[in-house]
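J.: A single structure is presented below for examination.
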Amino acid sequence: MTRFTKLTAAALGLTLLGGAAFADGHIDAAIKARQAQMQLYGFNLGVLGAMAKGDVDYDAATASAAADNLLAAATLNASIMWPQGSDSGAAKSRAKADMWSNYPDVQAKGMALVEAATAMQAAAGGGVEGIRGAIGAVGGACGACHKAYREPSS
Amino acid sequence: MRRFLTNLTFFVVLGFAVFWFITRPESFADDALAGLTADTSRGETVFHAAGCASCHTAPGVDSKGAPVLSGGQRFPSDFGTFIAPNISSDPTHGIGEWSALDLANAMKFGTSPDGQHYYPAFPYTSYARAEVQDIVDLHAYLATLPGDATPSQPHEVGFPFNIRLAMGGWKFLFFSDEWTIGAPNEQLERGRYLVEALGHCAECHTPRGPLGNLDNSAWLTGAPDPSGKGRVPDITPQTLGWSEGDLAYYFESGFTPDFDSSGGHMAHVVENLGKLPAQDREAIAAYLIALP
């Protein structure tokens with residue numbers, strides 16, 4: 001295992017934290033925090049996607065910064081942002097309760113995103129074709145997890 | 001709910017007593033497909049555009065390699081839970097023995113080889129608008145997919161819906177193969193074909209009446225998600241506010257204009273649409289932009 005893989009394996013662990021260890025309001029705050037993490041994905045991908053689509057001109061420094069951010073966000077230690085009782089049945093969230101019963105699969109889907117974001121980081125500085133080549137896998141990784149574990153919005 | 005059930009019973013009884021004659025399961029004449037030859041690679045495009053794999057693969061199976069259409073996914077509805085059957089090429093448990101005509105009768109009329117009505121959980125209500133040639137091609141493609149011997153499960157629906165004959169009344173009232181929106185040029189015609197016939201987009205994106213019929217006056221304006229949680233979004237241009245390019249890019253990549261990524265059932269649809277030629281995704285986008 002590379003240092004990197006170990007790091008992310010830890011980062012993506014959904015721990016089965018008891019709510020009791022936390023103050024009131026912790027659940028809602030944790031949901032907001034992970035949604036903010038997702039927003040970071042969306043913003044930085046938006047920068048890369050606008051170049052891939054040709055909506056804005058390619059700029060190597062901007063593209064690299066966005067790809068660095070994407071990878072950094074994907075490797076945050078997410079475990080404390082997914083406490084038990086923060087699923088869509090129990091709280092104001094779109095996370096399916098299945099996430100907590102399919103831990104290895106959730107972790108695999110998180111790892112798939114880290115891999116795709118790593119490839120994006122390697123490609124982003126080298127031209128718009130590199131971004132075009134890498135963005136499909138990133139989208140696939142986001143979509144695979146949303147397909148399995150995110151409820152439709154209301 | 002009670003009024004709804006009374007209405008329902010009324011219609012079902014009506015369906016039986018008055019219309020039993022007119023509502024016999026329809027089918028093609030035996031020689032309806034004479035002279036048509038099958039093109040397997042065109043059939044593959046039809047397969048992706050129609051999203052057969054989204055419903056007929058086993059639950060939770062990710063689509064890598066040739067899809068195994070062994071069935072088993074569950075579709076909850078107000079009338080009970082329908083379970084997708086095995087339509088793999090297995091001769092006993094799948095549809096390996098079916099002729100192209102059998103498939104055409106199923107998709108165009110909702111009629112089984114032994115002359116029974118299918119439930120519209122199988123979206124023949126949309127596929128009815130499909131070209132017969134496309135069904136012949138699709139039939140040839142399905143035969144190239146692997147067989148699987150998992151037996152089909154019975155549906156979990158109660159009386160009176162468990163009586164297939166009752167669907168005759170339903171079909172008589174609601175089944176139509178007419179187009180919903182006009183298509184003044186070739187691209188819009190293709191887009192309409194992909195949305196209204198093969199893509200069966202309305203089956204999820206259009207609200208339903210009390211009897212499970214699509215409310216065509218609210219075409220593609222969104223509906224409650226059948227899972228009971230959340231909504232399938234309104235995709236008419238005024239509400240959605242996406243450009244034609246945004247739509248085509250979403251169908252290719254799953255990314256919304258603000259780079260969220262599609263989830264739920266739509267993620268299956270995007271996987272399928274990603275396998276179509278770019279002009280087809282553009283045609284779907286053009287159709288949606290042209291909606292009133």
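Chain labels follow the order of the structure tokens: the first chain is A, the next B, and so on; residue numbering restarts at 1 in every chain, and ligands are counted from 1 in their shown order.
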Give me, as a PDB file with N, CA and C atoms, in the first residue's frame, all polymer residues having an atom no more than 10 Å from B:Phe161, counting only C-alpha atoms and skipping those fewer than 6 positions away in the same chain.
T.:
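The new file result14.pdb reads:
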```pdb
ATOM      1  N   VAL B  12     -62.603  -0.846 -12.931  1.00  0.00           N
ATOM      2  CA  VAL B  12     -62.216  -2.226 -13.193  1.00  0.00           C
ATOM      3  C   VAL B  12     -63.446  -3.043 -13.615  1.00  0.00           C
ATOM      4  N   PHE B  79     -49.960   0.138  -6.489  1.00  0.00           N
ATOM      5  CA  PHE B  79     -50.777  -1.055  -6.704  1.00  0.00           C
ATOM      6  C   PHE B  79     -50.093  -2.336  -6.255  1.00  0.00           C
ATOM      7  N   GLY B  80     -48.889  -2.181  -5.697  1.00  0.00           N
ATOM      8  CA  GLY B  80     -48.133  -3.356  -5.283  1.00  0.00           C
ATOM      9  C   GLY B  80     -46.739  -3.269  -5.869  1.00  0.00           C
ATOM     10  N   TYR B 119     -48.385  -5.678 -17.373  1.00  0.00           N
ATOM     11  CA  TYR B 119     -48.591  -4.476 -16.568  1.00  0.00           C
ATOM     12  C   TYR B 119     -47.714  -3.352 -17.114  1.00  0.00           C
ATOM     13  N   MET B 167     -56.205  -5.455 -16.742  1.00  0.00           N
ATOM     14  CA  MET B 167     -55.400  -4.459 -17.440  1.00  0.00           C
ATOM     15  C   MET B 167     -56.023  -4.074 -18.779  1.00  0.00           C
TER      16      MET B 167
END
```
J.: Could you tell me which residues of chain B sit within 10 Å of chain A when counting only C-alpha atoms, and give me the result as JSON, numbers by chain?
T.: {"B": [60, 62, 224, 225, 227, 228, 229, 230, 231, 232, 233, 245, 246, 249, 252, 253, 254, 255, 256, 257, 258, 259, 260, 261, 262, 263, 264, 265, 266, 267, 268, 270, 271]}
J.: Find the spatial neighbours of A:Ala134, counting only C-alpha atoms, within a cut-off of 7 Å - ignore same-chain residues fewer than 4 positions away - and output them as a list in words.
T.: Ala119, Met120, Gly130 and Val138 of chain A
J.: Selected residues, C-alpha atoms, written as an mmCIF file, in the first residue's frame, please.
T.:
```
data_model
loop_
_atom_site.group_PDB
_atom_site.id
_atom_site.type_symbol
_atom_site.label_atom_id
_atom_site.label_comp_id
_atom_site.auth_asym_id
_atom_site.auth_seq_id
_atom_site.Cartn_x
_atom_site.Cartn_y
_atom_site.Cartn_z
ATOM 1 C CA ALA A 119 -5.321 11.050 -12.466
ATOM 2 C CA MET A 120 -6.910 14.459 -12.964
ATOM 3 C CA GLY A 130 -5.725 15.891 -20.495
ATOM 4 C CA VAL A 138 -14.247 11.647 -12.084
#
```
J.: Near A:Ala91, within 10 Å and counting only C-alpha atoms, which residues show up once chain neighbours fewer than 6 positions away are dropped, as a compact mmCIF listing (two decimals) with N, CA and C atoms, in the first residue's frame?
T.:
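Result written to out32.txt:
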```
# COMPACT_ATOMS: atom_id res chain seq x y z
N ILE A 27 -25.36 16.44 14.68
CA ILE A 27 -25.78 15.74 13.47
C ILE A 27 -25.96 16.73 12.32
N ASP A 28 -26.72 17.80 12.59
CA ASP A 28 -26.96 18.78 11.53
C ASP A 28 -25.67 19.43 11.06
N ILE A 31 -23.81 17.08 8.80
CA ILE A 31 -24.42 17.01 7.47
C ILE A 31 -24.01 18.23 6.65
N GLY A 85 -27.18 8.01 12.50
CA GLY A 85 -28.35 8.84 12.75
C GLY A 85 -28.38 10.08 11.87
```
J.: Excluding B:Ser126 and any residue of its chain fewer than 4 positions from it, enumerate the residues within 12 Å of it, using only C-alpha atoms, and give them as a ChimeraX atom specification.
T.: /B:50-51,106-110,120-122,130-131,174-180,192-204,213-214
J.: Just to be explicit: take each residue in the selection above, keep N, CA and C atoms, and write the result as an mmCIF file, in the first residue's frame.
T.:
```cif
data_model
loop_
_atom_site.group_PDB
_atom_site.id
_atom_site.type_symbol
_atom_site.label_atom_id
_atom_site.label_comp_id
_atom_site.auth_asym_id
_atom_site.auth_seq_id
_atom_site.Cartn_x
_atom_site.Cartn_y
_atom_site.Cartn_z
ATOM 1 N N ALA B 50 -33.248 2.562 -25.082
ATOM 2 C CA ALA B 50 -34.478 2.142 -24.407
ATOM 3 C C ALA B 50 -34.244 1.762 -22.948
ATOM 4 N N GLY B 51 -32.982 1.652 -22.536
ATOM 5 C CA GLY B 51 -32.690 1.423 -21.128
ATOM 6 C C GLY B 51 -33.177 0.084 -20.588
ATOM 7 N N ALA B 106 -45.020 -7.711 -27.345
ATOM 8 C CA ALA B 106 -44.826 -7.276 -25.958
ATOM 9 C C ALA B 106 -44.593 -5.771 -25.892
ATOM 10 N N MET B 107 -43.734 -5.253 -26.768
ATOM 11 C CA MET B 107 -43.352 -3.840 -26.677
ATOM 12 C C MET B 107 -44.400 -2.906 -27.283
ATOM 13 N N LYS B 108 -45.062 -3.331 -28.350
ATOM 14 C CA LYS B 108 -46.012 -2.434 -29.023
ATOM 15 C C LYS B 108 -47.423 -2.543 -28.445
ATOM 16 N N PHE B 109 -47.783 -3.716 -27.924
ATOM 17 C CA PHE B 109 -49.153 -3.904 -27.434
ATOM 18 C C PHE B 109 -49.228 -4.307 -25.967
ATOM 19 N N GLY B 110 -48.102 -4.595 -25.352
ATOM 20 C CA GLY B 110 -48.153 -5.071 -23.973
ATOM 21 C C GLY B 110 -48.822 -6.436 -23.889
ATOM 22 N N PRO B 120 -48.221 -2.139 -17.016
ATOM 23 C CA PRO B 120 -47.417 -1.027 -17.550
ATOM 24 C C PRO B 120 -46.186 -0.673 -16.711
ATOM 25 N N ALA B 121 -45.869 -1.455 -15.668
ATOM 26 C CA ALA B 121 -44.572 -1.311 -14.998
ATOM 27 C C ALA B 121 -43.465 -1.609 -16.016
ATOM 28 N N PHE B 122 -43.779 -2.411 -17.009
ATOM 29 C CA PHE B 122 -42.976 -2.613 -18.215
ATOM 30 C C PHE B 122 -43.418 -1.492 -19.156
ATOM 31 N N ALA B 130 -42.401 2.781 -30.727
ATOM 32 C CA ALA B 130 -41.144 2.366 -31.371
ATOM 33 C C ALA B 130 -41.394 1.842 -32.786
ATOM 34 N N GLU B 131 -40.396 2.001 -33.658
ATOM 35 C CA GLU B 131 -40.450 1.446 -35.016
ATOM 36 C C GLU B 131 -40.303 -0.076 -34.933
ATOM 37 N N PHE B 174 -56.314 4.237 -21.344
ATOM 38 C CA PHE B 174 -55.123 5.088 -21.290
ATOM 39 C C PHE B 174 -54.047 4.780 -22.319
ATOM 40 N N PHE B 175 -54.117 3.666 -22.974
ATOM 41 C CA PHE B 175 -53.015 3.235 -23.825
ATOM 42 C C PHE B 175 -53.120 3.909 -25.185
ATOM 43 N N SER B 176 -52.060 4.600 -25.578
ATOM 44 C CA SER B 176 -52.105 5.269 -26.872
ATOM 45 C C SER B 176 -50.698 5.325 -27.429
ATOM 46 N N ASP B 177 -50.576 5.188 -28.757
ATOM 47 C CA ASP B 177 -49.232 5.295 -29.329
ATOM 48 C C ASP B 177 -49.072 6.611 -30.085
ATOM 49 N N GLU B 178 -49.882 7.611 -29.712
ATOM 50 C CA GLU B 178 -49.747 8.910 -30.375
ATOM 51 C C GLU B 178 -48.645 9.748 -29.737
ATOM 52 N N TRP B 179 -48.065 10.652 -30.515
ATOM 53 C CA TRP B 179 -47.035 11.541 -29.979
ATOM 54 C C TRP B 179 -47.678 12.629 -29.135
ATOM 55 N N THR B 180 -46.930 13.111 -28.163
ATOM 56 C CA THR B 180 -47.459 14.145 -27.283
ATOM 57 C C THR B 180 -47.142 15.544 -27.804
ATOM 58 N N ARG B 192 -37.762 13.478 -30.282
ATOM 59 C CA ARG B 192 -39.055 13.016 -29.784
ATOM 60 C C ARG B 192 -39.099 11.490 -29.728
ATOM 61 N N TYR B 193 -38.544 10.857 -30.762
ATOM 62 C CA TYR B 193 -38.516 9.397 -30.781
ATOM 63 C C TYR B 193 -37.736 8.870 -29.568
ATOM 64 N N LEU B 194 -36.585 9.505 -29.292
ATOM 65 C CA LEU B 194 -35.752 9.036 -28.185
ATOM 66 C C LEU B 194 -36.393 9.319 -26.827
ATOM 67 N N VAL B 195 -37.093 10.445 -26.693
ATOM 68 C CA VAL B 195 -37.692 10.799 -25.403
ATOM 69 C C VAL B 195 -39.020 10.073 -25.192
ATOM 70 N N GLU B 196 -39.918 10.176 -26.189
ATOM 71 C CA GLU B 196 -41.292 9.686 -25.977
ATOM 72 C C GLU B 196 -41.423 8.187 -26.215
ATOM 73 N N ALA B 197 -40.587 7.625 -27.093
ATOM 74 C CA ALA B 197 -40.711 6.187 -27.381
ATOM 75 C C ALA B 197 -39.654 5.417 -26.596
ATOM 76 N N LEU B 198 -38.411 5.378 -27.109
ATOM 77 C CA LEU B 198 -37.408 4.503 -26.502
ATOM 78 C C LEU B 198 -37.011 4.933 -25.088
ATOM 79 N N GLY B 199 -36.693 6.214 -24.888
ATOM 80 C CA GLY B 199 -36.138 6.658 -23.602
ATOM 81 C C GLY B 199 -37.140 6.627 -22.452
ATOM 82 N N HIS B 200 -38.415 6.523 -22.776
ATOM 83 C CA HIS B 200 -39.515 6.493 -21.799
ATOM 84 C C HIS B 200 -39.308 7.470 -20.645
ATOM 85 N N CYS B 201 -38.805 8.674 -20.979
ATOM 86 C CA CYS B 201 -38.508 9.689 -19.956
ATOM 87 C C CYS B 201 -39.760 10.058 -19.145
ATOM 88 N N ALA B 202 -40.903 10.085 -19.836
ATOM 89 C CA ALA B 202 -42.126 10.523 -19.164
ATOM 90 C C ALA B 202 -42.546 9.561 -18.056
ATOM 91 N N GLU B 203 -42.150 8.298 -18.168
ATOM 92 C CA GLU B 203 -42.569 7.317 -17.163
ATOM 93 C C GLU B 203 -42.096 7.733 -15.769
ATOM 94 N N CYS B 204 -40.991 8.468 -15.707
ATOM 95 C CA CYS B 204 -40.513 8.975 -14.419
ATOM 96 C C CYS B 204 -40.793 10.464 -14.233
ATOM 97 N N ASN B 213 -52.108 6.349 -14.644
ATOM 98 C CA ASN B 213 -51.944 6.805 -16.020
ATOM 99 C C ASN B 213 -51.157 8.107 -16.038
ATOM 100 N N LEU B 214 -50.329 8.311 -17.085
ATOM 101 C CA LEU B 214 -49.561 9.550 -17.185
ATOM 102 C C LEU B 214 -50.504 10.722 -17.430
#
```
J.: Could you jot down the atom CA of B:Gln133 to atom CA of B:Asp114 separation for me, Å, one decimal place?
T.: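 Computed distance, atom CA of B:Gln133 to atom CA of B:Asp114, equals 22.7 Å.
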J.: Work out how far apart atom CA of B:Arg190 and atom CA of B:Tyr287 are and give it in Å to one decimal.
T.: 8.5 Å
J.: Just how far from atom CA of B:Gly96 is atom CA of B:Lys275, in Å to one decimal?
T.: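 Atom CA of B:Gly96 lies at a distance of 24.8 Å from atom CA of B:Lys275.
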J.: Taking the DSSP assignment computed from this structure's backbone, write out as a VMD selection string all residues of chain A that belong to helix (DSSP H, G or I).
T.: chain A and resid 3 to 11 19 to 21 26 to 53 60 to 74 79 to 81 98 to 101 103 to 124 128 to 149
J.: Calculated over only C-alpha atoms, which of the candidates B:Ala34, B:Ile95, B:Phe82, B:Leu165 has the smallest distance to B:Cys55?
T.: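 Smallest separation from B:Cys55 among the options: B:Phe82.
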J.: Using only C-alpha atoms, which residue out of B:Gln187, B:Asp137, B:Thr92, B:Ser70 lies closest to B:Thr45?
T.: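 Nearest to B:Thr45: B:Asp137.
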J.: Here is a test: counting only C-alpha atoms, which residue of A:Asp98, A:Asp68, A:Asp87, A:Asp55 is nearest to A:Gly125?
T.: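 Among the listed residues, the smallest separation from A:Gly125 belongs to A:Asp68.
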J.: Just checking: using only C-alpha atoms, which residue out of A:Leu76, A:Val114, A:Ala30, A:Val128 ends up closest to A:Ser93?
T.: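 Of the candidates, the smallest distance to A:Ser93 is held by A:Ala30.
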